[in-house]
Structure formats: C-alpha cells, structure tokens
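> One file: target.cif (mmCIF, C-alpha atoms).
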```
data_run
loop_
_atom_site.label_atom_id
_atom_site.label_comp_id
_atom_site.auth_asym_id
_atom_site.auth_seq_id
_atom_site.Cartn_x
_atom_site.Cartn_y
_atom_site.Cartn_z
CA MET U 1 112.03 62.43 105.81
CA ALA U 2 110.37 64.24 102.95
CA THR U 3 106.88 65.42 102.03
CA ARG U 4 105.08 64.99 98.73
CA ILE U 5 101.50 65.55 97.68
CA CYS U 6 99.12 62.74 96.85
CA PHE U 7 96.37 63.88 94.49
CA ILE U 8 93.11 62.03 95.19
CA ALA U 9 90.29 61.99 92.63
CA GLN U 10 86.87 62.79 94.11
CA SER U 11 84.06 61.99 91.71
CA ASN U 12 81.22 62.81 94.10
CA SER U 13 82.45 66.12 95.41
CA TYR U 14 82.48 69.78 94.41
CA SER U 15 86.26 69.74 94.37
CA ILE U 16 87.13 67.07 91.79
CA TYR U 17 90.40 66.25 93.55
CA LYS U 18 92.05 66.90 96.85
CA GLU U 19 95.68 67.27 97.82
CA VAL U 20 97.05 65.43 100.83
CA LYS U 21 100.59 65.97 102.05
CA ILE U 22 102.30 62.69 102.86
CA ASP U 23 105.47 62.40 104.95
CA PHE U 24 107.72 59.49 103.99
CA GLN U 25 111.30 58.27 104.10
CA TYR U 26 113.20 59.66 101.11
CA PHE U 27 116.08 57.64 99.72
CA SER U 28 118.64 60.02 98.22
CA GLY U 29 120.37 59.32 94.94
CA PHE U 30 119.53 59.55 91.28
CA SER U 31 119.33 55.86 90.39
CA ILE U 32 115.96 54.41 89.52
CA SER U 33 116.29 51.90 92.37
CA GLN U 34 116.62 54.76 94.89
CA LYS U 35 113.65 56.59 93.35
CA GLN U 36 111.55 53.42 93.51
CA LYS U 37 112.45 52.91 97.18
CA SER U 38 111.20 56.44 97.81
CA ILE U 39 108.03 55.74 95.81
CA ALA U 40 107.37 52.58 97.86
CA SER U 41 107.83 54.57 101.06
CA LEU U 42 105.55 57.35 99.77
CA HIS U 43 102.85 54.85 98.82
CA GLU U 44 103.12 53.23 102.26
CA GLY U 45 102.38 56.68 103.68
CA VAL U 46 99.37 57.03 101.37
CA ARG U 47 98.04 53.64 102.54
CA ARG U 48 98.50 54.73 106.18
CA PHE U 49 96.41 57.80 105.34
CA ASP U 50 93.68 55.74 103.63
CA LYS U 51 94.11 52.03 102.94
CA THR U 52 91.18 52.05 100.47
CA LEU U 53 93.04 54.21 97.94
CA SER U 54 94.43 52.66 94.78
CA VAL U 55 97.59 54.69 94.23
CA LEU U 56 99.68 55.09 91.08
CA GLU U 57 103.03 56.79 90.64
CA VAL U 58 102.87 58.89 87.45
CA SER U 59 106.46 59.36 86.30
CA THR U 60 109.26 57.74 84.34
CA LYS U 61 110.43 56.30 87.68
CA SER U 62 107.16 54.45 88.33
CA PRO U 63 107.47 50.72 88.99
CA ASN U 64 104.14 50.37 87.13
CA PRO U 65 104.26 50.47 83.28
CA THR U 66 100.98 52.44 83.24
CA GLY U 67 102.55 55.13 85.44
CA VAL U 68 105.56 55.31 83.10
CA ALA U 69 103.28 55.57 80.03
CA LEU U 70 101.34 58.40 81.73
CA SER U 71 104.46 60.48 82.35
CA ALA U 72 104.80 63.75 80.42
CA PHE U 73 107.93 62.34 78.74
CA ASN U 74 105.95 59.41 77.28
CA LEU U 75 102.32 60.54 76.91
CA LYS U 76 101.82 61.89 73.39
CA PHE U 77 100.00 65.06 72.36
CA PHE U 78 98.52 65.21 68.86
CA ASP U 79 99.26 68.55 67.21
CA LYS U 80 96.46 69.42 64.77
CA VAL U 81 98.63 71.93 62.90
CA THR U 82 101.42 69.47 62.02
CA SER U 83 99.31 66.28 62.28
CA ARG U 84 102.12 64.80 64.37
CA GLU U 85 102.41 63.48 67.89
CA TYR U 86 104.94 64.91 70.32
CA PRO U 87 105.75 64.08 73.94
CA LEU U 88 103.56 66.18 76.23
CA GLU U 89 106.66 67.67 77.88
CA ASN U 90 107.83 69.02 74.52
CA ILE U 91 104.43 70.57 73.81
CA PHE U 92 104.40 72.24 77.23
CA GLN U 93 107.93 73.65 77.02
CA SER U 94 107.71 74.71 73.35
CA SER U 95 104.41 76.58 73.93
CA LYS U 96 105.79 78.94 76.58
CA VAL U 97 105.72 82.64 75.72
CA PHE U 98 108.00 84.95 77.68
CA GLU U 99 108.54 88.70 77.82
CA TYR U 100 111.57 88.40 75.54
CA GLY U 101 110.95 85.29 73.47
CA GLY U 102 109.00 82.20 72.65
CA PRO U 103 107.27 80.14 71.78
CA TYR U 104 110.32 78.00 70.96
CA ASN U 105 108.89 75.55 68.44
CA ASP U 106 112.28 73.92 67.85
CA LEU U 107 111.83 72.27 71.28
CA LEU U 108 109.24 69.97 69.71
CA ASN U 109 112.02 67.99 68.04
CA VAL U 110 114.42 67.31 70.91
CA HIS U 111 114.36 64.79 73.74
CA PRO U 112 111.86 65.85 76.43
CA ARG U 113 114.68 66.19 78.99
CA GLU U 114 116.49 68.59 76.63
CA ALA U 115 113.29 70.59 76.09
CA LYS U 116 112.77 70.94 79.84
CA ARG U 117 116.36 72.10 80.41
CA ASP U 118 116.66 74.53 77.49
CA GLU U 119 118.44 77.65 78.71
CA ARG U 120 116.04 80.01 76.90
CA LEU U 121 113.27 78.93 79.29
CA ARG U 122 115.23 80.59 82.12
CA THR U 123 116.68 83.59 80.29
CA SER U 124 113.74 84.97 78.30
CA GLY U 125 112.15 86.93 81.10
CA ARG U 126 108.84 86.46 82.85
CA LEU U 127 106.44 83.77 81.58
CA ILE U 128 103.38 85.56 80.18
CA GLY U 129 101.41 82.62 78.74
CA PHE U 130 101.30 79.80 76.22
CA ARG U 131 100.69 79.69 72.46
CA ILE U 132 99.42 76.55 70.74
CA ASP U 133 97.38 76.01 67.56
CA ASP U 134 97.19 79.80 67.04
CA ALA U 135 95.52 80.20 70.45
CA PHE U 136 96.99 82.13 73.34
CA TRP U 137 96.49 80.85 76.89
CA GLU U 138 96.90 83.18 79.85
CA ASN U 139 99.01 82.22 82.89
CA GLU U 140 96.01 82.16 85.18
CA PRO U 141 94.71 79.87 86.48
CA LYS U 142 98.27 78.64 86.86
CA THR U 143 97.79 74.96 85.98
CA MET U 144 94.98 75.25 83.43
CA PHE U 145 97.10 75.01 80.25
CA TYR U 146 99.14 72.06 81.53
CA ASP U 147 96.03 70.25 82.78
CA TRP U 148 94.32 70.84 79.41
CA ILE U 149 97.15 69.43 77.28
CA TYR U 150 97.55 66.48 79.67
CA ILE U 151 93.84 65.61 79.73
CA ARG U 152 93.51 66.11 75.97
CA SER U 153 96.47 63.78 75.38
CA LEU U 154 95.17 61.15 77.76
CA TYR U 155 91.65 61.28 76.31
CA ARG U 156 93.02 60.49 72.82
CA ASN U 157 94.70 57.34 74.15
CA SER U 158 91.82 54.88 74.62
CA TYR U 159 93.97 52.25 76.37
CA LEU U 160 95.43 54.62 78.97
CA SER U 161 92.06 56.41 79.37
CA LYS U 162 90.57 53.13 80.57
CA GLU U 163 93.61 51.91 82.49
CA ILE U 164 93.88 55.05 84.62
CA LEU U 165 90.35 54.50 85.93
CA ASN U 166 91.71 51.60 88.01
CA TYR U 167 93.31 54.22 90.29
CA ASN U 168 92.02 57.09 92.40
CA ALA U 169 95.21 58.45 93.98
CA PHE U 170 98.28 59.72 92.14
CA THR U 171 101.82 60.69 93.09
CA ASP U 172 104.88 62.04 91.27
CA ILE U 173 108.11 61.49 93.20
CA GLU U 174 109.84 64.22 91.18
CA PHE U 175 107.22 66.90 91.91
CA ASN U 176 108.32 69.24 94.67
CA GLN U 177 105.47 71.55 95.58
CA GLU U 178 107.96 74.10 96.92
CA LYS U 179 109.60 74.53 93.50
CA SER U 180 107.03 73.60 90.85
CA ILE U 181 103.44 74.38 89.92
CA ASN U 182 102.35 71.88 87.26
CA CYS U 183 102.15 68.19 88.08
CA GLN U 184 101.22 65.19 85.95
CA ALA U 185 99.80 63.42 89.03
CA ARG U 186 97.36 66.33 89.60
CA SER U 187 96.30 66.23 85.96
CA ALA U 188 95.75 62.46 86.23
CA ALA U 189 93.51 62.96 89.29
CA ILE U 190 91.53 65.64 87.45
CA PHE U 191 91.04 63.29 84.50
CA VAL U 192 89.73 60.51 86.76
#
```
What does this structure look like when you write it as structure tokens?


Amino acid sequence: MATRICFIAQSNSYSIYKEVKIDFQYFSGFSISQKQKSIASLHEGVRRFDKTLSVLEVSTKSPNPTGVALSAFNLKFFDKVTSREYPLENIFQSSKVFEYGGPYNDLLNVHPREAKRDERLRTSGRLIGFRIDDAFWENEPKTMFYDWIYIRSLYRNSYLSKEILNYNAFTDIEFNQEKSINCQARSAAIFV
C-alpha cells in the first residue's frame, strides 16, 4: 500500500483546492505499465472517496494524453526575454538561485530529465529563491513560483486551458509528499 495526495479544485470555497490523502495498492517497478497500474489503483481510491470527481493523472505516465501534455516535461513556458518556449521543468530548474550558484541558464537547453538531475542543484547550497525575466522570487510561500510558471504556461495554451476544465481532481503518481514540495497536480487544481 502507498499514499498519494489527490488535489481537488473547489470553485465555490475560500480554499480554492483541497488535498485528500488516498491509500492505494502501489505496483513497484519503473515501467510505464507498472506506473499505470498504480495510477488506476490510485484513481479507484479517489472514486471510493467521492464517485462524483472527474480525476486526471498529470504526469508523463498518465494514460490520458491530456495528462501527459500537462506534465512539466511537456507543458511549454514562453520566455519573454528569449521569445522561445521551453519545457516548464527546464524553466523551474534553471531559475533556481542558491547560496553558492545559479541561476543555471544552460539548463534551458537540455532534456527536462537532465535539468532535474543536474548535480549543481544539489551541491550549490541552500535554495534562496528563483530568478526569471530579471525578477527575483522569494522561497516563501513555498509553491508560489512553481504554481505561477505552471498556471502562466497553461493559460497561454488555449486548447489545454479548455481541456483541463473537464476535470476537478488531479493526481501525480510520481509526487511523494514526504520528499517534494511542488506538484503539477496541485498547480492544475489551482488553475481549475
């Protein structure tokens, strides 16, 4: 068994989303078929919690093409300075400013997986904020910068902006709340 968070959009509430922990059967292994078995089990758990929810997995492992397109590896961010689009993951990783380095703009031009795993992100000291378009973003609130780049990217994509409105609950099988802070499924719920 494992636990993941389902992020539920709440349009008629003070809190625009809520987090619900869902227990489900986790299928170990790195293959996409194992991940999709885990996603199916997670979504079964969401339906047991509330069968009225329309749930979407937001990740490259999603069985739904919309969920794959909404992943940070595929969703594009338009950079006003360069007038180019980059994967959201690259924007996020390349914008990090640490005690002893960053931002690492060269991460804009590598595969998103490479950007995420770049050794400098772990060896440059404490994360102090983010720099993008000559603006500096503080670390607090913790998810604000990530949510902003995600929502800005999604808003620019008219097709995905409409498509996402067919859903009101979002998961990310790769997001482990014990190890990570930012989550594309949370950002998707905030957008909705």

> Write out as a PyMOL selection string which residues come within 7 Å of Gly101 (chain U) when counting only C-alpha atoms, dropping same-chain ones fewer than 3 positions away.

chain U and resi 97-98+124

> Just give me the gap between CA of Arg47 (chain U) and CA of Phe24 (chain U) in Å, one decimal is fine.

11.4 Å

> Which residues fall under the PyMOL selection byres ((chain U and resi 94) around 6) in this file, as a list in words?

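Applied to this file, the PyMOL selection byres ((chain U and resi 94) around 6) returns Asn90, Ile91, Phe92, Gln93, Ser95, Lys96, Pro103, Tyr104, Asn105 and Leu107 of chain U.
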
> One number please: CA of Ile181 (chain U) to CA of Asn166 (chain U), in Å, one decimal.

25.7 Å

> For each of U:Phe78, U:Leu108, U:Arg48, U:Trp137, take the minimum atom-to-atom distance to Asn157 (chain U), counting all atoms listed in the file, then give the residue where this is smallest.

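Going through U:Phe78, U:Leu108, U:Arg48, U:Trp137 one by one, the smallest distance to Asn157 (chain U) is for U:Phe78.
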
> Run the PyMOL selection byres ((chain U and resi 8) around 8) mentally over the shown coordinates, then write out the matched residues as a PyMOL selection string, using the chain letters and numbers from the document.

chain U and resi 6-7+9-10+17-20+168-170+189

> Tell me which residues the PyMOL selection byres ((chain U and resi 27-38) around 7) grabs here, as an NGL selection string.

:U and (25-26 or 39-42 or 61-63)

> Residues within 7 Å of region 70-77 of chain U, please, as a list of chain:residue names. Count all atoms listed in the file; anything in the same chain fewer than 2 positions from it doesn't count.

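Counting all atoms listed in the file, the residues come to U:Val58, U:Ser59, U:Thr60, U:Thr66, U:Gly67, U:Val68, U:Asp79, U:Glu85, U:Tyr86, U:Pro87, U:Leu88, U:Glu89, U:Pro112, U:Ser153, U:Gln184.
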
> For region 64-78 of chain U, take all atoms listed in the file, fit an axis-aligned box around them, add 4 Å to each of the six sides, then output centre and edge lengths in Å rounded to one decimal, as AutoDock Vina command-line options.


```
--center_x 103.2 --center_y 57.8 --center_z 78.0 --size_x 17.4 --size_y 22.8 --size_z 26.3
```

> Could you pull the residues within 12 Å of Glu178 (chain U), counting only C-alpha atoms, minus those fewer than 5 positions along the same chain, as a list of chain:residue names?

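Counting only C-alpha atoms, the residues come to U:Ala2, U:Thr3, U:Arg4, U:Ile5.
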
> For Asn139 (chain U), which residue among U:Val55, U:Asn182, U:His111, U:Lys162 is the nearest when counting only C-alpha atoms?

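Of U:Val55, U:Asn182, U:His111, U:Lys162, the one nearest Asn139 (chain U) is U:Asn182, counting only C-alpha atoms.
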
> CA of Ala135 (chain U) and CA of Leu121 (chain U) are how many Å apart?

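According to the coordinates, CA of Ala135 (chain U) and CA of Leu121 (chain U) are separated by 19.9 Å.
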
> Select, from U:Ile173, U:Ala185, U:Val81, U:Ile16, the residue with the minimum atom-to-atom distance to Asp147 (chain U), counting only C-alpha atoms.

U:Ala185

> Extract, using all atoms listed in the file, all DNA, RNA and protein residues at most 9 Å from Cys183 (chain U), discarding same-chain residues fewer than 3 positions from it, and format them as a list in words.

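What passes the distance filter is Thr143, Tyr146, Asp147, Asp172, Phe175, Gln177, Ser180, Arg186, Ser187 and Ala188 of chain U.
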